[in-house]
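Asker: Pasting a structure here, questions to come.
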Amino acid sequence: MSFSTALSGLQAATVDLSVTSNNIANVATTGFKNSRAEFGDLFEVSPFGNTPTSVGSGVKVTSVSQQFDQGNLRFTDASLDLAISGQGFFVTNKALTGSDISYTRAGQFRVDNNGYITNSSGEYIQAFPVDAAGNVTSTSLNTTVPIQLPASTGSPQATSEVEVGLNMDASEVALDPAAFDPSASNTYSHSTSTTVYDSLGNSHVMSYYFVKDLPGSATNLANDPNQWVVFTYLDGAETNINGGTTVTHPSGGGPVNQDVGFLNFNADGTFGSSTPASLQNTAIALSNGASALNITHDFANNTTTQFAAAFSVNTLDPDGFSTGRLTGLDISEAGLMRATFSNGIATPLGQIAMADFPNSQGLRAIGGSSWTETINSGAVITGTAGTGRFGLIQSGALEASNVDLTAQLVNLITAQRNFQANARSIETSNSITDTIIQIR
C-alpha cells in the first residue's frame with residue numbers, strides 16, 4: 001500500500017516538474033499563459049462509507065489549468081504588432097474560407113505575399129466587415145473575413161466642390177474689374193490657389209483672384225463699397241462662372257470676355273450673399289481625355305469675412321482625389337484598421353474581431369499560444385474592442401508571457417523536494433519490507 005501511495009506522489013511531482021519546466025521554457029514566448037498543476041488526494045471508500053481507520057491512497061493530478069492573467073505590454077516599432085489590454089482573444093482562421101477557427105493573444109502579425117494579414121503560423125486574422133465610414137455592419141463570428149491590404153484606392157474621384165473660407169482686407173483700395181490682368185498684381189487685391197483633380201486622377205491648379213469692386217464701375221452700378229469680384233482660373237486659363245456677369249478685361253496680351261461672380265458683405269464685415277447664389281464654374285473642358293470639370297466654390301458656409309485685417313485663407317479644401325499608393329496602416333484602440341494612401345485618403349478595411357469565453361480555463365491549448373473552443377469553455381462570445389467585457393487593442397505592442405520566473409524557480413525547487421520525499425518514502429517502505437522478510 002505504501003509503495004503505491006509513494007508512487008502516486010512521484011508521478012504527481014513529475015507532472016509538477018514538467019508543468020513548471022514548460023512555464024520556464026516559455027518565459028519569452030509572446031502571448032504565452034502559464035499553467036498550474038492541481039492535485040487531489042485519493043481515498044479508499046467502502047460500500048458503507050469510510051471507516052474511522054481508513055488511510056488515504058495517495059495523490060492524483062486533477063487538472064493542469066492555464067492562468068489567463070494579463071502579461072506585461074512590450075512596445076515595438078511595428079504597427080502590426082498588436083496587444084490586448086484587458087480581456088479577449090484575437091480570432092484567426094487557418095484558411096481564407098471555412099471555419100477552422102482558433103483564438104490567440106499573441107499579436108505578432110505580418111503581411112503575406114498576397115497582402116493578407118497573418119500571424120507567424122500563417123493563420124489569417126479575422127475582422128468584422130465595415131461600411132465606407134468605418135461602422136461595423138455585423139458582429140457575428142460567421143461573418144468575419146480575413147483582412148487584405150489593397151494596392152491602391154481604386155478609381156480616382158474628380159473634384160466637385162471647393163470649401164473656401166477667407167478674410168478680405170476691408171482697407172484695400174477699390175479697383176476697376178475691367179482692368180484686371182492676372183499677370184499684373186496691381187490689378188487685383190488678393191489671390192490664392194489650390195489643387196483639384198479630374199476624373200482620371202490628374203491634378204490641376206485652381207486659382208482665385210479677388211478684386212475689391214470700384215463703386216460706379218460697370219460691375220458696381222449700385223455703388224456697394226462691400227462688393228468683391230471673383231475671377232477663377234484653371235491651370236492659368238480663365239474659366240467662367242455659370243450665370244455670372246461678363247467682364248471684358250486684358251489677359252495674355254489681349255482682351256477676353258469672362259463670366260465672374262460676386263461676393264457681398266454686410267456692414268459688420270460678415271458674409272452677406274454671392275451672385276449668383278451658387279458660384280459654380282460652367283463645364284471646364286479638358287484636353288487630356290478626362291471628363292469636363294464642374295466645380296462649386298462654397299464661400300458662404302466657411303466663415304468668409306471682410307475685416308480691416310490682412311488677407312488670410314482659413315479654409316481651402318477641395319474634395320476629390322487621385323489614385324494613391326499604400327503608405328501605412330492605422331489601427332485604433334477599438335480595432336478599426338484603416339489603410340492610408342499617398343493621396344491623403346484613409347480607407348477602412350475592417351474591425352478586428354474579438355472573442356471571449358465564459359470559462360477561459362476550459363479552452364484547449366493547440367500550441368503557438370493558440371486555443372480552441374471546448375464544451376468546458378462555453379460558447380464563444382464575440383464583439384469589438386472597448387465594448388462590454390473586451391479590452392482595448394494597442395498597436396505597436398506585444399503582450400509578453402505572464403510567467404513569473406522567480407515564482408517558477410521556487411516552485412521547481414518545491415517540486416524537486418516533493419519528488420525526493422516520495423522517493424524516500426519508497427526507500428523506507430522497502431527497508432520495512434526487508435526487515436519483515438528477514439524475520440525467522
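By convention here, the chains of the C-alpha cells are called A, B, ... in the order presented, each chain's residues are numbered starting at 1, and ligands are numbered starting at 1 in the order presented.
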Within 9 Å of segment 249-261 of chain A, counting only C-alpha atoms, which residues show up once you throw out same-chain ones fewer than 3 positions away? Write them as a list in words, please.

Answerer: Pro177, Ala178, Ala179, Phe180, Asp181, Pro182, Ser183, Trp228, Val229, Val230, Phe231, Thr232, Glu238, Thr239, Asn240, Ile241, Asn242, Gly243, Gly244, Thr245, Thr246, Ser274, Thr275, Pro276, Leu279 and Gln280 of chain A

Asker: Would you mind exporting C-alpha atoms of the selected residues as a JSON list (two decimals), in the first residue's frame?

Answerer:
```json
[["chain", "number", "residue", "atom", "x", "y", "z"],
["A", 177, "PRO", "CA", -12.51, 94.89, -62.69],
["A", 178, "ALA", "CA", -12.27, 95.84, -66.35],
["A", 179, "ALA", "CA", -8.54, 96.50, -65.79],
["A", 180, "PHE", "CA", -7.92, 93.08, -64.20],
["A", 181, "ASP", "CA", -4.95, 91.19, -65.64],
["A", 182, "PRO", "CA", -3.74, 88.03, -63.81],
["A", 183, "SER", "CA", -0.17, 88.80, -64.89],
["A", 228, "TRP", "CA", -15.79, 91.90, -54.41],
["A", 229, "VAL", "CA", -15.38, 90.31, -57.85],
["A", 230, "VAL", "CA", -14.18, 86.70, -58.09],
["A", 231, "PHE", "CA", -12.18, 85.55, -61.13],
["A", 232, "THR", "CA", -11.43, 81.81, -61.44],
["A", 238, "GLU", "CA", -9.71, 81.71, -67.42],
["A", 239, "THR", "CA", -12.91, 79.86, -66.50],
["A", 240, "ASN", "CA", -16.47, 81.13, -66.34],
["A", 241, "ILE", "CA", -18.97, 81.22, -63.50],
["A", 242, "ASN", "CA", -22.30, 79.72, -64.53],
["A", 243, "GLY", "CA", -24.83, 82.58, -64.63],
["A", 244, "GLY", "CA", -22.12, 85.14, -63.84],
["A", 245, "THR", "CA", -21.62, 88.65, -65.18],
["A", 246, "THR", "CA", -19.44, 89.09, -68.24],
["A", 274, "SER", "CA", -22.99, 85.82, -53.52],
["A", 275, "THR", "CA", -24.09, 86.44, -57.09],
["A", 276, "PRO", "CA", -25.08, 84.05, -58.47],
["A", 279, "LEU", "CA", -20.72, 80.07, -57.55],
["A", 280, "GLN", "CA", -20.17, 77.19, -59.93]]
```

Asker: Work out how far apart atom CA of Asp198 of chain A and atom CA of Ala290 of chain A are and give it in Å to one decimal.

Answerer: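 One can read the atom CA of Asp198 of chain A to atom CA of Ala290 of chain A distance as 6.3 Å.
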
Asker: For a quick check of understanding, using only C-alpha atoms, which of A:Phe321, A:Phe39, A:Trp371, A:Phe419 has the smallest distance to Ser203 of chain A?

Answerer: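 Of all the options, A:Phe321 lies closest to Ser203 of chain A.
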
Asker: Residues of segment 56-261 of chain A in strand (DSSP E or B) according to DSSP, as a ChimeraX atom specification?

Answerer: /A:56-66,73-75,81-85,89-93,101-104,108-111,116-119,124-128,130,136,145-146,148,152,157,161-169,175,190-197,203-213,227-234,237-239,241,245-251,254-261

Asker: I need the residues from that last selection saved to file as a short mmCIF file (atom, residue, chain, number, x, y, z; two decimals), in the first residue's frame (with C-alpha atoms), if you can.

Answerer:
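The resulting again_36.cif:
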```
data_model
loop_
_atom_site.label_atom_id
_atom_site.label_comp_id
_atom_site.auth_asym_id
_atom_site.auth_seq_id
_atom_site.Cartn_x
_atom_site.Cartn_y
_atom_site.Cartn_z
CA GLY A 56 -5.50 7.76 2.10
CA SER A 57 -4.18 6.08 -1.04
CA GLY A 58 -2.02 8.90 -2.35
CA VAL A 59 -2.45 11.79 -4.76
CA LYS A 60 -3.65 12.35 -8.32
CA VAL A 61 -3.38 15.17 -10.83
CA THR A 62 -6.85 16.67 -11.12
CA SER A 63 -6.02 19.34 -13.68
CA VAL A 64 -3.33 21.29 -15.45
CA SER A 65 -5.02 24.69 -15.73
CA GLN A 66 -3.79 27.71 -17.60
CA LEU A 73 2.96 45.01 -22.68
CA ARG A 74 6.23 45.33 -24.59
CA PHE A 75 6.26 48.20 -27.10
CA ASP A 81 2.29 44.14 -33.56
CA LEU A 82 -0.95 44.09 -31.54
CA ALA A 83 -1.63 43.55 -27.86
CA ILE A 84 -4.89 43.32 -25.93
CA SER A 85 -5.05 45.37 -22.75
CA PHE A 89 -8.66 36.99 -27.80
CA PHE A 90 -7.82 37.64 -31.42
CA VAL A 91 -9.65 35.36 -33.85
CA THR A 92 -7.61 33.55 -36.51
CA ASN A 93 -8.52 31.14 -39.29
CA ILE A 101 -11.04 28.93 -36.04
CA SER A 102 -8.58 29.39 -33.19
CA TYR A 103 -8.02 32.09 -30.61
CA THR A 104 -4.82 33.77 -29.50
CA GLN A 108 2.76 39.18 -33.92
CA PHE A 109 1.04 39.82 -37.25
CA ARG A 110 2.54 40.44 -40.67
CA VAL A 111 1.55 40.73 -44.34
CA TYR A 116 -3.33 39.24 -46.24
CA ILE A 117 -2.55 39.88 -42.57
CA THR A 118 -1.45 36.66 -40.88
CA ASN A 119 0.31 35.57 -37.71
CA TYR A 124 -5.42 34.83 -41.08
CA ILE A 125 -6.60 37.39 -38.55
CA GLN A 126 -10.38 37.82 -38.75
CA ALA A 127 -12.28 41.11 -38.82
CA PHE A 128 -15.88 42.25 -38.83
CA VAL A 130 -17.41 47.71 -42.05
CA VAL A 136 -19.33 47.69 -38.19
CA VAL A 145 -13.40 37.91 -43.04
CA PRO A 146 -9.61 37.98 -43.45
CA GLN A 148 -6.26 42.09 -47.23
CA SER A 152 -4.36 51.42 -54.38
CA GLN A 157 -12.64 61.00 -57.83
CA GLU A 161 -16.60 71.34 -54.69
CA VAL A 162 -14.03 73.53 -53.01
CA GLU A 163 -14.67 74.79 -49.48
CA VAL A 164 -13.31 78.36 -49.33
CA GLY A 165 -13.10 80.45 -46.17
CA LEU A 166 -11.01 83.64 -46.07
CA ASN A 167 -10.82 87.22 -44.89
CA MET A 168 -10.83 90.05 -47.42
CA ASP A 169 -8.88 93.12 -46.29
CA LEU A 175 -10.11 98.68 -58.41
CA HIS A 190 -5.81 89.22 -53.40
CA SER A 191 -5.18 85.78 -54.89
CA THR A 192 -4.85 82.18 -53.76
CA SER A 193 -4.87 78.72 -55.35
CA THR A 194 -5.45 75.04 -54.61
CA THR A 195 -5.09 71.65 -56.29
CA VAL A 196 -8.10 69.92 -57.85
CA TYR A 197 -8.41 66.58 -59.66
CA SER A 203 -4.05 67.25 -60.75
CA HIS A 204 -4.82 70.84 -61.83
CA VAL A 205 -4.29 74.23 -60.19
CA MET A 206 -7.44 76.20 -59.46
CA SER A 207 -6.61 79.88 -58.88
CA TYR A 208 -8.79 82.63 -57.42
CA TYR A 209 -8.30 86.36 -57.98
CA PHE A 210 -10.28 88.85 -55.90
CA VAL A 211 -10.88 92.46 -56.88
CA LYS A 212 -12.48 94.93 -54.49
CA ASP A 213 -15.08 96.38 -56.85
CA GLN A 227 -18.60 94.09 -53.10
CA TRP A 228 -15.79 91.90 -54.41
CA VAL A 229 -15.38 90.31 -57.85
CA VAL A 230 -14.18 86.70 -58.09
CA PHE A 231 -12.18 85.55 -61.13
CA THR A 232 -11.43 81.81 -61.44
CA TYR A 233 -8.65 80.18 -63.46
CA LEU A 234 -7.67 76.57 -64.10
CA ALA A 237 -6.63 79.64 -68.26
CA GLU A 238 -9.71 81.71 -67.42
CA THR A 239 -12.91 79.86 -66.50
CA ILE A 241 -18.97 81.22 -63.50
CA THR A 245 -21.62 88.65 -65.18
CA THR A 246 -19.44 89.09 -68.24
CA VAL A 247 -16.38 91.27 -67.74
CA THR A 248 -14.06 92.21 -70.59
CA HIS A 249 -10.50 92.58 -69.35
CA PRO A 250 -6.95 92.08 -70.63
CA SER A 251 -5.41 88.61 -70.30
CA GLY A 254 -5.37 90.60 -75.37
CA PRO A 255 -8.90 91.27 -74.14
CA VAL A 256 -11.07 88.36 -73.02
CA ASN A 257 -14.69 88.03 -72.01
CA GLN A 258 -15.00 86.21 -68.69
CA ASP A 259 -18.10 85.45 -66.61
CA VAL A 260 -17.38 86.30 -62.99
CA GLY A 261 -19.09 86.04 -59.63
#
```

Asker: Of the residues A:Gly9, A:Gly269, A:Gly122, A:Gly71, which is the one nearest to Phe32 of chain A, using only C-alpha atoms?

Answerer: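 Closest candidate: A:Gly71.
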
Asker: Determine, for each residue of segment 219-286 of chain A having at least one atom at most 7 Å from an atom of segment 291-315 of chain A, the closest pair of atoms and their separation in Å to one decimal, counting only C-alpha atoms; order by chain and ascending number, as CSV.

Answerer:
```
residue,atom,partner,partner_atom,distance
A:Phe265,CA,A:Gln306,CA,6.7
A:Gly269,CA,A:Gln306,CA,4.6
A:Thr270,CA,A:Thr305,CA,5.0
A:Phe271,CA,A:Thr305,CA,5.5
A:Leu279,CA,A:His297,CA,5.5
A:Gln280,CA,A:Thr296,CA,4.1
A:Asn281,CA,A:Ile295,CA,5.5
A:Thr282,CA,A:Asn294,CA,6.3
A:Ala283,CA,A:Asn294,CA,5.0
A:Ile284,CA,A:Leu293,CA,4.9
A:Ala285,CA,A:Ala292,CA,4.5
A:Leu286,CA,A:Ala292,CA,5.9
```

Asker: Using only C-alpha atoms for the distances, tell me which of A:Leu398, A:Leu7, A:Ile331, A:Val15 is nearest to Asn72 of chain A.

Answerer: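 Residue with the minimum atom-to-atom distance to Asn72 of chain A: A:Leu398.
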
Asker: Residues of segment 17-107 of chain A classed as alpha helix (DSSP H) by DSSP on the backbone are to be reported as a VMD selection string.

Answerer: chain A and resid 17 to 25

Asker: Let me make sure I understand: among A:Asn142, A:Ser79, A:Asn135, A:Asn376, which one has the smallest atom-to-atom distance to Pro348 of chain A if we use only C-alpha atoms?

Answerer: A:Asn135

Asker: For Leu409 of chain A, find every residue with an atom within 12 Å (counting only C-alpha atoms), except residues of its own chain fewer than 6 positions away, and show them as a list in words.

Answerer: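 Counting only the stated atoms, we get Leu17, Val19, Thr20, Ser21, Asn22, Asn23, Ile24, Ala25, Val27, Val403, Ala415 and Gln416 of chain A.
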
Asker: Out of A:Leu336, A:Ala379, A:Ala132, A:Leu412, which residue has the shortest atom-to-atom distance to Pro358 of chain A when counting only C-alpha atoms?

Answerer: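 Smallest distance to Pro358 of chain A is found for A:Ala379.
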